[in-house]
Amino acid sequence: MYSSWCRSQESATKHCHMAATLFQKVWDAHTVRMLPSGQTQLFVGLHLVHEVTTPQAFDMMRQHGWTVAFPERTFATVDHIVPTSSQKRPFLDMMAEEMMTALERNCRDAGIKLWAPDSENQGIVHVIGPELGLTQPGMIIACGDSHTSTHGALGAIAFGIGTSQVRDVLASQCLALDPLKVRRIEISGRLGRGVYAKDVILTIIRRLGVHGGVGFAYEYGGSTIDQMTIDERMTICNMSIEGGARIGYVNPDDTTFTFLRGRQFAPAGDAFDRAVAWWRAMATDADATYDDRVAFDASVIEPTVTWGINPGQSVAVNEPIDAAPGDEALAFMGFKTGTRVQGTRIDVAFIGSCTNGRLSDLEEAARVVRGHHVAPHVKALIVPGSQAVRRAAEARGLHEVFIDAGFEWRGAGCSMCLGMNPDQLEGRQISASSSNRNFKGRQGSPTGRTLLMSPAMVAAAAIAGEIVDVREVLEGVPA
Ligand code: SF4
């Protein structure tokens with residue numbers, strides 16, 4: 001049976017006398033033993049699997065004659081390589097078809113639940129985990145993908161692992177890890193209209209740096225986070241890794257419990273109430289101490305856009321770029337120091353990804369788009385993060401808003417976030433993207449240029465044909 005795991009409830013309660021962070025409590029509750037290397041052997045409650053980082057891990061398992069230790073704690077989906085225009089099998093790209101077939105075979109042989117494109121729950125691994133209620137507070141969650149930090153939005157300790165670690169978790173459900181320090185990131189105040197969770201996390205990464213979180217788990221809190229939905233918290237936690245923090249989390253609260261109630265894999269009935277009591281106990285104690293604390297004022301954050309080749313190189317949309325002349329990123333992107341990103345002509349608009357491909361993201365984008373049309377020179381894609389998101393959006397008629405406006409309405413997958421599928425930039429194209437990485441070549445073209453921003457900003461750019469300040473667009477739109 002699928003359920004939260006910890007060595008004993010005692011682990012959770014022993015901190016009654018010793019204030020601790022959620023990170024420490026979850027770590028202790030899942031510690032199997034201390035290893036001679038000084039690392040901790042941790043039990044992994046949930047292992048999420050996708051097609052890209054697992055074929056070699058399963059091959060290694062086969063070579064050793066090992067079987068999957070806990071198939072009931074392992075769930076698979078396909079996301080990176082699936083085409084989003086048609087998901088009919090066989091895929092036209094033979095490499096993608098081979099990866100899909102390998103995942104199907106590996107999951108069938110091991111007794112692992114797989115959501116393939118012909119199932120109703122397929123989608124990006126970090127979208128479907130929370131959506132199905134697999135992701136729960138107080139868990140250790142591992143996945144062969146760096147944006148696994150997303151699941152921390154529900155109070156889990158979740159992190160990406162490499163292929164050899166995927167093998168380790170498949171074989172033993174355990175991992176050997178070094179503990180992390182915990183940095184509390186306090187965000188207080190009200191976000192202005194047209195300013196979103198994406199702007200908050202881009203601002204955090206800009207200030208703390210893309211390596212600022214190395215060695216830390218980020219605990220996000222404060223009044224801004226308290227008022228955020230789980231979707232918004234997921235956007236924040238998702239990009240923790242872009243700031244160097246392998247883990248980002250928000251303490252579970254009533255918003256978390258309301259989100260989870262009734263979801264397919266969440267506890268039901270009395271078990272749910274018992275789970276809530278345990279989940280509450282795992283939250284950071286009020287008098288816990290942190291290794292570091294940083295504070296942000298949300299009320300001064302503005303719509304933010306990247307200008308460079310890492311997610312820390314960002315500015316407010318109307319702020320001059322302050323990089324040194326000759327900077328590599330400026331040269332690659334074609335910007336000049338002292339100029340603004342606002343007014344930059346775009347070729348492609350992409351709304352999707354595990355950062356911003358959820359229903360609320362599409363709703364906000366539709367609010368901007370309604371009654372307008374995509375600029376003639378822009379190719380604009382809406383790619384729901386999961387089939388469930390796509391169905392929910394269609395039930396609300398959002399697809400009609402987008403299609404009427406000239407967007408392409410696609411199937412669920414990673415799409416142009418990474419370009420490991422037919423959705424790719426061409427040549428030097430500039431893309432306004434709601435995803436999480438703007439590295440050189442990220443969207444499929446080695447010379448393509450990616451500007452990261454909120455889905456509403458992408459929608460506004462698609463309509464205008466250039467980067468604009470979404471606050472101006474929203475002026476005429478009812479709140
Ligand atoms: S949407 Fe992008 S970042 Fe997220 S899992 Fe897919 S490729 Fe990775």
# chains A, B, ... in the order shown; residues from 1 in each chain; ligands from 1
$ select_by_dssp --residues "stretch 254-468 of chain A" --states "helix (DSSP H, G or I)" --output "mmCIF file with N, CA, C and O atoms, in the first residue's frame"
data_model
loop_
_atom_site.group_PDB
_atom_site.id
_atom_site.type_symbol
_atom_site.label_atom_id
_atom_site.label_comp_id
_atom_site.auth_asym_id
_atom_site.auth_seq_id
_atom_site.Cartn_x
_atom_site.Cartn_y
_atom_site.Cartn_z
ATOM 1 N N ASP A 254 -2.791 24.714 6.280
ATOM 2 C CA ASP A 254 -4.152 24.372 5.858
ATOM 3 C C ASP A 254 -4.298 24.386 4.329
ATOM 4 O O ASP A 254 -5.080 23.616 3.762
ATOM 5 N N THR A 255 -3.565 25.289 3.677
ATOM 6 C CA THR A 255 -3.601 25.340 2.206
ATOM 7 C C THR A 255 -3.140 24.000 1.633
ATOM 8 O O THR A 255 -3.723 23.472 0.674
ATOM 9 N N THR A 256 -2.097 23.433 2.237
ATOM 10 C CA THR A 256 -1.560 22.147 1.781
ATOM 11 C C THR A 256 -2.594 21.037 1.972
ATOM 12 O O THR A 256 -2.825 20.212 1.079
ATOM 13 N N PHE A 257 -3.199 21.020 3.157
ATOM 14 C CA PHE A 257 -4.121 19.925 3.475
ATOM 15 C C PHE A 257 -5.376 20.011 2.590
ATOM 16 O O PHE A 257 -5.878 18.988 2.119
ATOM 17 N N THR A 258 -5.846 21.227 2.368
ATOM 18 C CA THR A 258 -7.010 21.394 1.501
ATOM 19 C C THR A 258 -6.685 20.924 0.082
ATOM 20 O O THR A 258 -7.503 20.277 -0.580
ATOM 21 N N PHE A 259 -5.487 21.244 -0.369
ATOM 22 C CA PHE A 259 -5.057 20.819 -1.714
ATOM 23 C C PHE A 259 -5.067 19.301 -1.824
ATOM 24 O O PHE A 259 -5.483 18.731 -2.839
ATOM 25 N N LEU A 260 -4.597 18.628 -0.771
ATOM 26 C CA LEU A 260 -4.415 17.172 -0.856
ATOM 27 C C LEU A 260 -5.700 16.373 -0.660
ATOM 28 O O LEU A 260 -5.833 15.260 -1.183
ATOM 29 N N ASP A 270 -10.562 8.615 7.922
ATOM 30 C CA ASP A 270 -9.846 8.848 9.179
ATOM 31 C C ASP A 270 -8.339 8.916 8.961
ATOM 32 O O ASP A 270 -7.629 9.631 9.673
ATOM 33 N N ALA A 271 -7.883 8.146 7.973
ATOM 34 C CA ALA A 271 -6.436 8.136 7.698
ATOM 35 C C ALA A 271 -5.959 9.523 7.292
ATOM 36 O O ALA A 271 -4.821 9.909 7.589
ATOM 37 N N PHE A 272 -6.838 10.281 6.617
ATOM 38 C CA PHE A 272 -6.441 11.629 6.216
ATOM 39 C C PHE A 272 -6.256 12.502 7.455
ATOM 40 O O PHE A 272 -5.272 13.242 7.580
ATOM 41 N N ASP A 273 -7.195 12.401 8.398
ATOM 42 C CA ASP A 273 -7.088 13.213 9.618
ATOM 43 C C ASP A 273 -5.843 12.839 10.429
ATOM 44 O O ASP A 273 -5.165 13.702 10.980
ATOM 45 N N ARG A 274 -5.544 11.553 10.477
ATOM 46 C CA ARG A 274 -4.328 11.128 11.188
ATOM 47 C C ARG A 274 -3.089 11.663 10.471
ATOM 48 O O ARG A 274 -2.131 12.109 11.093
ATOM 49 N N ALA A 275 -3.162 11.615 9.140
ATOM 50 C CA ALA A 275 -2.018 12.115 8.356
ATOM 51 C C ALA A 275 -1.822 13.608 8.604
ATOM 52 O O ALA A 275 -0.693 14.075 8.774
ATOM 53 N N VAL A 276 -2.922 14.365 8.654
ATOM 54 C CA VAL A 276 -2.811 15.813 8.876
ATOM 55 C C VAL A 276 -2.109 16.085 10.210
ATOM 56 O O VAL A 276 -1.245 16.968 10.314
ATOM 57 N N ALA A 277 -2.449 15.320 11.237
ATOM 58 C CA ALA A 277 -1.821 15.520 12.549
ATOM 59 C C ALA A 277 -0.306 15.292 12.437
ATOM 60 O O ALA A 277 0.495 16.059 12.990
ATOM 61 N N TRP A 278 0.075 14.257 11.685
ATOM 62 C CA TRP A 278 1.504 13.972 11.528
ATOM 63 C C TRP A 278 2.182 15.037 10.660
ATOM 64 O O TRP A 278 3.262 15.522 10.968
ATOM 65 N N TRP A 279 1.493 15.438 9.592
ATOM 66 C CA TRP A 279 2.041 16.462 8.708
ATOM 67 C C TRP A 279 2.274 17.768 9.467
ATOM 68 O O TRP A 279 3.306 18.417 9.296
ATOM 69 N N ARG A 280 1.303 18.143 10.315
ATOM 70 C CA ARG A 280 1.461 19.383 11.095
ATOM 71 C C ARG A 280 2.692 19.294 11.997
ATOM 72 O O ARG A 280 3.430 20.262 12.174
ATOM 73 N N ALA A 281 2.884 18.094 12.578
ATOM 74 C CA ALA A 281 4.003 17.909 13.514
ATOM 75 C C ALA A 281 5.353 18.008 12.806
ATOM 76 O O ALA A 281 6.372 18.280 13.443
ATOM 77 N N MET A 282 5.347 17.799 11.499
ATOM 78 C CA MET A 282 6.620 17.843 10.760
ATOM 79 C C MET A 282 7.030 19.271 10.387
ATOM 80 O O MET A 282 8.171 19.494 9.969
ATOM 81 N N ALA A 298 8.111 41.634 -0.716
ATOM 82 C CA ALA A 298 7.395 41.291 -1.960
ATOM 83 C C ALA A 298 6.785 42.514 -2.624
ATOM 84 O O ALA A 298 6.604 42.533 -3.848
ATOM 85 N N SER A 299 6.471 43.545 -1.827
ATOM 86 C CA SER A 299 5.732 44.682 -2.390
ATOM 87 C C SER A 299 6.579 45.485 -3.388
ATOM 88 O O SER A 299 6.032 46.262 -4.162
ATOM 89 N N VAL A 300 7.903 45.317 -3.363
ATOM 90 C CA VAL A 300 8.736 46.087 -4.298
ATOM 91 C C VAL A 300 9.172 45.257 -5.508
ATOM 92 O O VAL A 300 9.882 45.749 -6.384
ATOM 93 N N GLU A 328 29.923 37.986 -21.488
ATOM 94 C CA GLU A 328 29.621 36.886 -22.420
ATOM 95 C C GLU A 328 28.113 36.759 -22.681
ATOM 96 O O GLU A 328 27.670 36.535 -23.812
ATOM 97 N N ALA A 329 27.328 36.904 -21.593
ATOM 98 C CA ALA A 329 25.882 36.746 -21.734
ATOM 99 C C ALA A 329 25.282 37.858 -22.591
ATOM 100 O O ALA A 329 24.399 37.611 -23.421
ATOM 101 N N LEU A 330 25.773 39.070 -22.392
ATOM 102 C CA LEU A 330 25.279 40.197 -23.213
ATOM 103 C C LEU A 330 25.552 39.922 -24.683
ATOM 104 O O LEU A 330 24.681 40.115 -25.533
ATOM 105 N N ALA A 331 26.786 39.465 -24.949
ATOM 106 C CA ALA A 331 27.173 39.221 -26.342
ATOM 107 C C ALA A 331 26.292 38.125 -26.946
ATOM 108 O O ALA A 331 25.802 38.262 -28.072
ATOM 109 N N PHE A 332 26.078 37.045 -26.191
ATOM 110 C CA PHE A 332 25.281 35.930 -26.729
ATOM 111 C C PHE A 332 23.837 36.370 -26.990
ATOM 112 O O PHE A 332 23.250 36.045 -28.021
ATOM 113 N N MET A 333 23.294 37.116 -26.016
ATOM 114 C CA MET A 333 21.883 37.484 -26.123
ATOM 115 C C MET A 333 21.658 38.669 -27.061
ATOM 116 O O MET A 333 20.539 38.929 -27.490
ATOM 117 N N SER A 353 5.698 23.924 -19.010
ATOM 118 C CA SER A 353 6.797 23.441 -18.154
ATOM 119 C C SER A 353 6.325 23.131 -16.733
ATOM 120 O O SER A 353 5.226 23.494 -16.327
ATOM 121 N N CYS A 354 7.244 22.474 -15.990
ATOM 122 C CA CYS A 354 6.925 22.132 -14.603
ATOM 123 C C CYS A 354 6.974 23.351 -13.697
ATOM 124 O O CYS A 354 6.564 23.289 -12.540
ATOM 125 N N THR A 355 7.472 24.473 -14.204
ATOM 126 C CA THR A 355 7.465 25.721 -13.423
ATOM 127 C C THR A 355 6.113 26.413 -13.552
ATOM 128 O O THR A 355 5.546 26.864 -12.555
ATOM 129 N N ASN A 356 5.599 26.480 -14.770
ATOM 130 C CA ASN A 356 4.406 27.297 -15.031
ATOM 131 C C ASN A 356 3.498 26.680 -16.094
ATOM 132 O O ASN A 356 3.045 27.372 -17.009
ATOM 133 N N LEU A 359 -2.879 24.700 -14.271
ATOM 134 C CA LEU A 359 -4.144 25.338 -14.649
ATOM 135 C C LEU A 359 -4.149 26.832 -14.302
ATOM 136 O O LEU A 359 -4.567 27.659 -15.111
ATOM 137 N N SER A 360 -3.696 27.181 -13.114
ATOM 138 C CA SER A 360 -3.728 28.586 -12.706
ATOM 139 C C SER A 360 -2.847 29.446 -13.616
ATOM 140 O O SER A 360 -3.146 30.626 -13.850
ATOM 141 N N ASP A 361 -1.766 28.864 -14.124
ATOM 142 C CA ASP A 361 -0.905 29.601 -15.055
ATOM 143 C C ASP A 361 -1.646 29.870 -16.366
ATOM 144 O O ASP A 361 -1.569 30.967 -16.925
ATOM 145 N N LEU A 362 -2.364 28.849 -16.825
ATOM 146 C CA LEU A 362 -3.108 29.014 -18.085
ATOM 147 C C LEU A 362 -4.261 29.999 -17.886
ATOM 148 O O LEU A 362 -4.581 30.789 -18.783
ATOM 149 N N GLU A 363 -4.875 29.952 -16.714
ATOM 150 C CA GLU A 363 -5.976 30.892 -16.444
ATOM 151 C C GLU A 363 -5.469 32.336 -16.484
ATOM 152 O O GLU A 363 -6.117 33.219 -17.052
ATOM 153 N N GLU A 364 -4.330 32.572 -15.883
ATOM 154 C CA GLU A 364 -3.796 33.938 -15.844
ATOM 155 C C GLU A 364 -3.375 34.387 -17.242
ATOM 156 O O GLU A 364 -3.598 35.532 -17.628
ATOM 157 N N ALA A 365 -2.783 33.449 -17.997
ATOM 158 C CA ALA A 365 -2.386 33.790 -19.366
ATOM 159 C C ALA A 365 -3.631 34.099 -20.215
ATOM 160 O O ALA A 365 -3.644 35.059 -20.993
ATOM 161 N N ALA A 366 -4.690 33.307 -20.023
ATOM 162 C CA ALA A 366 -5.924 33.518 -20.799
ATOM 163 C C ALA A 366 -6.536 34.878 -20.485
ATOM 164 O O ALA A 366 -7.104 35.541 -21.358
ATOM 165 N N ARG A 367 -6.403 35.300 -19.244
ATOM 166 C CA ARG A 367 -6.933 36.613 -18.844
ATOM 167 C C ARG A 367 -6.272 37.733 -19.671
ATOM 168 O O ARG A 367 -6.904 38.697 -20.076
ATOM 169 N N VAL A 368 -4.982 37.559 -19.919
ATOM 170 C CA VAL A 368 -4.232 38.560 -20.696
ATOM 171 C C VAL A 368 -4.586 38.480 -22.185
ATOM 172 O O VAL A 368 -4.689 39.487 -22.878
ATOM 173 N N VAL A 369 -4.796 37.238 -22.654
ATOM 174 C CA VAL A 369 -4.966 36.984 -24.090
ATOM 175 C C VAL A 369 -6.368 37.307 -24.599
ATOM 176 O O VAL A 369 -6.541 37.753 -25.732
ATOM 177 N N GLN A 387 -2.087 15.922 -18.698
ATOM 178 C CA GLN A 387 -3.378 15.714 -19.373
ATOM 179 C C GLN A 387 -4.528 16.199 -18.502
ATOM 180 O O GLN A 387 -5.542 16.670 -19.007
ATOM 181 N N ALA A 388 -4.358 16.093 -17.188
ATOM 182 C CA ALA A 388 -5.411 16.594 -16.286
ATOM 183 C C ALA A 388 -5.532 18.111 -16.382
ATOM 184 O O ALA A 388 -6.644 18.663 -16.374
ATOM 185 N N VAL A 389 -4.400 18.794 -16.495
ATOM 186 C CA VAL A 389 -4.439 20.255 -16.661
ATOM 187 C C VAL A 389 -5.137 20.591 -17.977
ATOM 188 O O VAL A 389 -5.982 21.491 -18.043
ATOM 189 N N ARG A 390 -4.799 19.845 -19.009
ATOM 190 C CA ARG A 390 -5.408 20.097 -20.328
ATOM 191 C C ARG A 390 -6.928 19.906 -20.265
ATOM 192 O O ARG A 390 -7.694 20.750 -20.746
ATOM 193 N N ARG A 391 -7.352 18.807 -19.623
ATOM 194 C CA ARG A 391 -8.809 18.554 -19.516
ATOM 195 C C ARG A 391 -9.496 19.662 -18.718
ATOM 196 O O ARG A 391 -10.553 20.163 -19.100
ATOM 197 N N ALA A 392 -8.874 20.048 -17.610
ATOM 198 C CA ALA A 392 -9.488 21.086 -16.758
ATOM 199 C C ALA A 392 -9.566 22.417 -17.505
ATOM 200 O O ALA A 392 -10.561 23.153 -17.401
ATOM 201 N N ALA A 393 -8.522 22.724 -18.274
ATOM 202 C CA ALA A 393 -8.514 23.973 -19.036
ATOM 203 C C ALA A 393 -9.602 23.942 -20.106
ATOM 204 O O ALA A 393 -10.314 24.932 -20.331
ATOM 205 N N GLU A 394 -9.752 22.787 -20.747
ATOM 206 C CA GLU A 394 -10.774 22.672 -21.802
ATOM 207 C C GLU A 394 -12.169 22.766 -21.202
ATOM 208 O O GLU A 394 -13.076 23.354 -21.802
ATOM 209 N N ALA A 395 -12.342 22.198 -20.006
ATOM 210 C CA ALA A 395 -13.651 22.282 -19.347
ATOM 211 C C ALA A 395 -14.025 23.740 -19.055
ATOM 212 O O ALA A 395 -15.198 24.089 -19.003
ATOM 213 N N LEU A 398 -10.739 27.427 -21.846
ATOM 214 C CA LEU A 398 -9.512 28.209 -22.048
ATOM 215 C C LEU A 398 -8.878 27.913 -23.397
ATOM 216 O O LEU A 398 -8.276 28.791 -24.026
ATOM 217 N N HIS A 399 -8.999 26.642 -23.841
ATOM 218 C CA HIS A 399 -8.392 26.301 -25.137
ATOM 219 C C HIS A 399 -8.970 27.154 -26.248
ATOM 220 O O HIS A 399 -8.252 27.559 -27.168
ATOM 221 N N GLU A 400 -10.266 27.481 -26.149
ATOM 222 C CA GLU A 400 -10.890 28.300 -27.199
ATOM 223 C C GLU A 400 -10.328 29.724 -27.182
ATOM 224 O O GLU A 400 -10.109 30.335 -28.224
ATOM 225 N N VAL A 401 -10.102 30.216 -25.967
ATOM 226 C CA VAL A 401 -9.507 31.559 -25.858
ATOM 227 C C VAL A 401 -8.151 31.579 -26.552
ATOM 228 O O VAL A 401 -7.846 32.489 -27.341
ATOM 229 N N PHE A 402 -7.351 30.560 -26.281
ATOM 230 C CA PHE A 402 -5.998 30.529 -26.854
ATOM 231 C C PHE A 402 -6.040 30.289 -28.367
ATOM 232 O O PHE A 402 -5.335 30.958 -29.129
ATOM 233 N N ILE A 403 -6.858 29.334 -28.786
ATOM 234 C CA ILE A 403 -6.911 29.020 -30.224
ATOM 235 C C ILE A 403 -7.440 30.227 -30.999
ATOM 236 O O ILE A 403 -6.894 30.614 -32.041
ATOM 237 N N ASP A 404 -8.489 30.860 -30.482
ATOM 238 C CA ASP A 404 -9.034 32.058 -31.150
ATOM 239 C C ASP A 404 -7.978 33.151 -31.276
ATOM 240 O O ASP A 404 -7.984 33.945 -32.216
ATOM 241 N N ALA A 405 -7.079 33.175 -30.301
ATOM 242 C CA ALA A 405 -6.055 34.234 -30.308
ATOM 243 C C ALA A 405 -4.857 33.869 -31.178
ATOM 244 O O ALA A 405 -3.941 34.678 -31.348
ATOM 245 N N SER A 415 7.883 19.744 -23.784
ATOM 246 C CA SER A 415 7.860 20.586 -24.969
ATOM 247 C C SER A 415 9.117 21.434 -25.095
ATOM 248 O O SER A 415 10.227 20.942 -24.979
ATOM 249 N N MET A 416 8.914 22.732 -25.253
ATOM 250 C CA MET A 416 10.011 23.624 -25.573
ATOM 251 C C MET A 416 10.795 24.094 -24.354
ATOM 252 O O MET A 416 11.672 24.943 -24.482
ATOM 253 N N CYS A 417 10.466 23.549 -23.179
ATOM 254 C CA CYS A 417 11.298 23.883 -22.018
ATOM 255 C C CYS A 417 12.716 23.416 -22.272
ATOM 256 O O CYS A 417 13.677 24.093 -21.951
ATOM 257 N N PRO A 455 4.025 33.401 -16.918
ATOM 258 C CA PRO A 455 3.135 33.088 -18.053
ATOM 259 C C PRO A 455 2.342 34.306 -18.538
ATOM 260 O O PRO A 455 2.118 34.452 -19.748
ATOM 261 N N ALA A 456 1.939 35.164 -17.636
ATOM 262 C CA ALA A 456 1.183 36.360 -18.047
ATOM 263 C C ALA A 456 2.061 37.272 -18.895
ATOM 264 O O ALA A 456 1.603 37.862 -19.885
ATOM 265 N N MET A 457 3.331 37.382 -18.523
ATOM 266 C CA MET A 457 4.266 38.200 -19.315
ATOM 267 C C MET A 457 4.491 37.571 -20.691
ATOM 268 O O MET A 457 4.604 38.280 -21.695
ATOM 269 N N VAL A 458 4.568 36.237 -20.741
ATOM 270 C CA VAL A 458 4.741 35.563 -22.043
ATOM 271 C C VAL A 458 3.511 35.834 -22.912
ATOM 272 O O VAL A 458 3.629 36.146 -24.107
ATOM 273 N N ALA A 459 2.336 35.721 -22.308
ATOM 274 C CA ALA A 459 1.093 35.952 -23.053
ATOM 275 C C ALA A 459 1.067 37.376 -23.607
ATOM 276 O O ALA A 459 0.723 37.596 -24.784
ATOM 277 N N ALA A 460 1.462 38.332 -22.780
ATOM 278 C CA ALA A 460 1.465 39.735 -23.217
ATOM 279 C C ALA A 460 2.472 39.932 -24.351
ATOM 280 O O ALA A 460 2.214 40.670 -25.310
ATOM 281 N N ALA A 461 3.621 39.256 -24.246
ATOM 282 C CA ALA A 461 4.650 39.378 -25.297
ATOM 283 C C ALA A 461 4.164 38.760 -26.609
ATOM 284 O O ALA A 461 4.436 39.285 -27.688
ATOM 285 N N ALA A 462 3.434 37.644 -26.502
ATOM 286 C CA ALA A 462 2.920 36.985 -27.712
ATOM 287 C C ALA A 462 1.982 37.925 -28.471
ATOM 288 O O ALA A 462 2.019 38.004 -29.697
ATOM 289 N N ILE A 463 1.155 38.626 -27.738
ATOM 290 C CA ILE A 463 0.184 39.542 -28.363
ATOM 291 C C ILE A 463 0.894 40.762 -28.963
ATOM 292 O O ILE A 463 0.629 41.159 -30.094
ATOM 293 N N ALA A 464 1.813 41.329 -28.201
ATOM 294 C CA ALA A 464 2.487 42.556 -28.653
ATOM 295 C C ALA A 464 3.569 42.259 -29.690
ATOM 296 O O ALA A 464 3.990 43.148 -30.434
#
$ select_by_dssp --residues "stretch 49-91 of chain A" --states "strand (DSSP E or B)" --output "PyMOL selection string"
chain A and resi 49+74-77
$ atom_distance --atom1 "atom CA of A:Glu131" --atom2 "atom CA of A:Gly444"
28.2 Å
$ atom_distance --atom1 "atom CA of A:Thr304" --atom2 "atom CA of A:Pro384"
22.5 Å
$ residues_near_ligand --ligand "ligand 1" --cutoff "10 Å" --atoms "only C-alpha atoms and all ligand atoms" --output "MDAnalysis selection string"
chainID A and resid 50 52 78:81 123:127 144:148 150 238:239 352:357 383 385 413:420 434:437 442:443
$ write_last_selection --atoms "C-alpha atoms" --output "PDB file, in the first residue's frame"
ATOM      1  CA  HIS A  50      10.667   9.156 -16.308  1.00  0.00           C
ATOM      2  CA  VAL A  52      15.329  10.064 -19.784  1.00  0.00           C
ATOM      3  CA  VAL A  78       6.776  10.101 -19.879  1.00  0.00           C
ATOM      4  CA  ASP A  79       7.367  13.803 -20.398  1.00  0.00           C
ATOM      5  CA  HIS A  80      10.654  15.002 -21.913  1.00  0.00           C
ATOM      6  CA  ILE A  81      10.576  13.256 -25.278  1.00  0.00           C
ATOM      7  CA  GLY A 123       2.184  14.616 -17.773  1.00  0.00           C
ATOM      8  CA  ILE A 124       5.357  16.251 -16.535  1.00  0.00           C
ATOM      9  CA  VAL A 125       6.612  14.280 -13.552  1.00  0.00           C
ATOM     10  CA  HIS A 126       6.577  17.345 -11.264  1.00  0.00           C
ATOM     11  CA  VAL A 127       3.059  18.244 -12.266  1.00  0.00           C
ATOM     12  CA  GLY A 144      16.173  11.627 -11.744  1.00  0.00           C
ATOM     13  CA  ASP A 145      15.451  15.240 -12.556  1.00  0.00           C
ATOM     14  CA  SER A 146      16.822  18.389 -10.956  1.00  0.00           C
ATOM     15  CA  HIS A 147      13.451  20.132 -10.696  1.00  0.00           C
ATOM     16  CA  THR A 148      12.231  17.557  -8.187  1.00  0.00           C
ATOM     17  CA  THR A 150       9.069  21.383  -6.926  1.00  0.00           C
ATOM     18  CA  ASN A 238      10.719  24.396  -8.630  1.00  0.00           C
ATOM     19  CA  MET A 239      13.423  26.975  -9.278  1.00  0.00           C
ATOM     20  CA  GLY A 352       4.225  25.477 -20.172  1.00  0.00           C
ATOM     21  CA  SER A 353       6.797  23.441 -18.154  1.00  0.00           C
ATOM     22  CA  CYS A 354       6.925  22.132 -14.603  1.00  0.00           C
ATOM     23  CA  THR A 355       7.465  25.721 -13.423  1.00  0.00           C
ATOM     24  CA  ASN A 356       4.406  27.297 -15.031  1.00  0.00           C
ATOM     25  CA  GLY A 357       2.315  24.748 -16.922  1.00  0.00           C
ATOM     26  CA  VAL A 383       1.523  23.267 -23.494  1.00  0.00           C
ATOM     27  CA  GLY A 385       1.792  20.369 -17.817  1.00  0.00           C
ATOM     28  CA  GLY A 413       4.791  17.314 -21.984  1.00  0.00           C
ATOM     29  CA  CYS A 414       8.003  19.235 -21.415  1.00  0.00           C
ATOM     30  CA  SER A 415       7.860  20.586 -24.969  1.00  0.00           C
ATOM     31  CA  MET A 416      10.011  23.624 -25.573  1.00  0.00           C
ATOM     32  CA  CYS A 417      11.298  23.883 -22.018  1.00  0.00           C
ATOM     33  CA  LEU A 418      14.122  21.609 -23.062  1.00  0.00           C
ATOM     34  CA  GLY A 419      13.580  20.816 -26.724  1.00  0.00           C
ATOM     35  CA  MET A 420      14.241  17.051 -26.419  1.00  0.00           C
ATOM     36  CA  SER A 434       7.563  30.497 -18.832  1.00  0.00           C
ATOM     37  CA  SER A 435      10.059  27.712 -18.051  1.00  0.00           C
ATOM     38  CA  ASN A 436      13.037  27.699 -15.720  1.00  0.00           C
ATOM     39  CA  ARG A 437      16.304  27.638 -17.656  1.00  0.00           C
ATOM     40  CA  ARG A 442      18.314  25.041 -23.773  1.00  0.00           C
ATOM     41  CA  GLN A 443      15.390  25.238 -26.182  1.00  0.00           C
TER      42      GLN A 443
END
$ residues_around --residues "stretch 96-110 of chain A" --least-positions-apart "6" --cutoff "10 Å" --atoms "only C-alpha atoms" --output "number ranges by chain"
A: 49-52, 54-55, 58-59, 62, 67-72, 74-83, 89-90, 116-117, 170, 420-421
$ atom_distance --atom1 "atom CA of A:Ala324" --atom2 "atom CA of A:Trp307"
13.0 Å
$ residues_around --residues "A:Ile225" --least-positions-apart "4" --cutoff "12 Å" --atoms "only C-alpha atoms" --output "PyMOL selection string"
chain A and resi 153+185-191+196-197+200-201+219-221+229-237+249-253+255-256+296-298
$ closest_residue --among "A:Ser445, A:Gln122, A:Ser172, A:Thr21" --to "A:Gly427" --atoms "only C-alpha atoms"
A:Ser445
$ residues_around --residues "A:Pro130" --least-positions-apart "5" --cutoff "9 Å" --atoms "only C-alpha atoms" --output "mmCIF file with N, CA, C and O atoms, in the first residue's frame"
data_model
loop_
_atom_site.group_PDB
_atom_site.id
_atom_site.type_symbol
_atom_site.label_atom_id
_atom_site.label_comp_id
_atom_site.auth_asym_id
_atom_site.auth_seq_id
_atom_site.Cartn_x
_atom_site.Cartn_y
_atom_site.Cartn_z
ATOM 1 N N THR A 135 2.597 13.200 -3.885
ATOM 2 C CA THR A 135 3.467 14.083 -3.115
ATOM 3 C C THR A 135 2.759 14.485 -1.836
ATOM 4 O O THR A 135 1.666 15.040 -1.879
ATOM 5 N N GLN A 136 3.369 14.184 -0.713
ATOM 6 C CA GLN A 136 2.747 14.494 0.580
ATOM 7 C C GLN A 136 3.770 15.097 1.534
ATOM 8 O O GLN A 136 4.976 14.833 1.402
ATOM 9 N N HIS A 151 8.380 19.536 -5.504
ATOM 10 C CA HIS A 151 7.477 18.832 -4.582
ATOM 11 C C HIS A 151 7.589 19.352 -3.148
ATOM 12 O O HIS A 151 6.737 19.055 -2.310
ATOM 13 N N LEU A 154 4.755 21.155 -1.028
ATOM 14 C CA LEU A 154 3.788 20.495 -0.139
ATOM 15 C C LEU A 154 4.441 20.029 1.160
ATOM 16 O O LEU A 154 3.878 19.207 1.892
ATOM 17 N N PHE A 259 -5.487 21.244 -0.369
ATOM 18 C CA PHE A 259 -5.057 20.819 -1.714
ATOM 19 C C PHE A 259 -5.067 19.301 -1.824
ATOM 20 O O PHE A 259 -5.483 18.731 -2.839
ATOM 21 N N LEU A 260 -4.597 18.628 -0.771
ATOM 22 C CA LEU A 260 -4.415 17.172 -0.856
ATOM 23 C C LEU A 260 -5.700 16.373 -0.660
ATOM 24 O O LEU A 260 -5.833 15.260 -1.183
ATOM 25 N N ARG A 263 -7.483 13.748 -3.202
ATOM 26 C CA ARG A 263 -6.666 13.354 -4.363
ATOM 27 C C ARG A 263 -6.427 11.851 -4.356
ATOM 28 O O ARG A 263 -6.409 11.220 -3.306
#
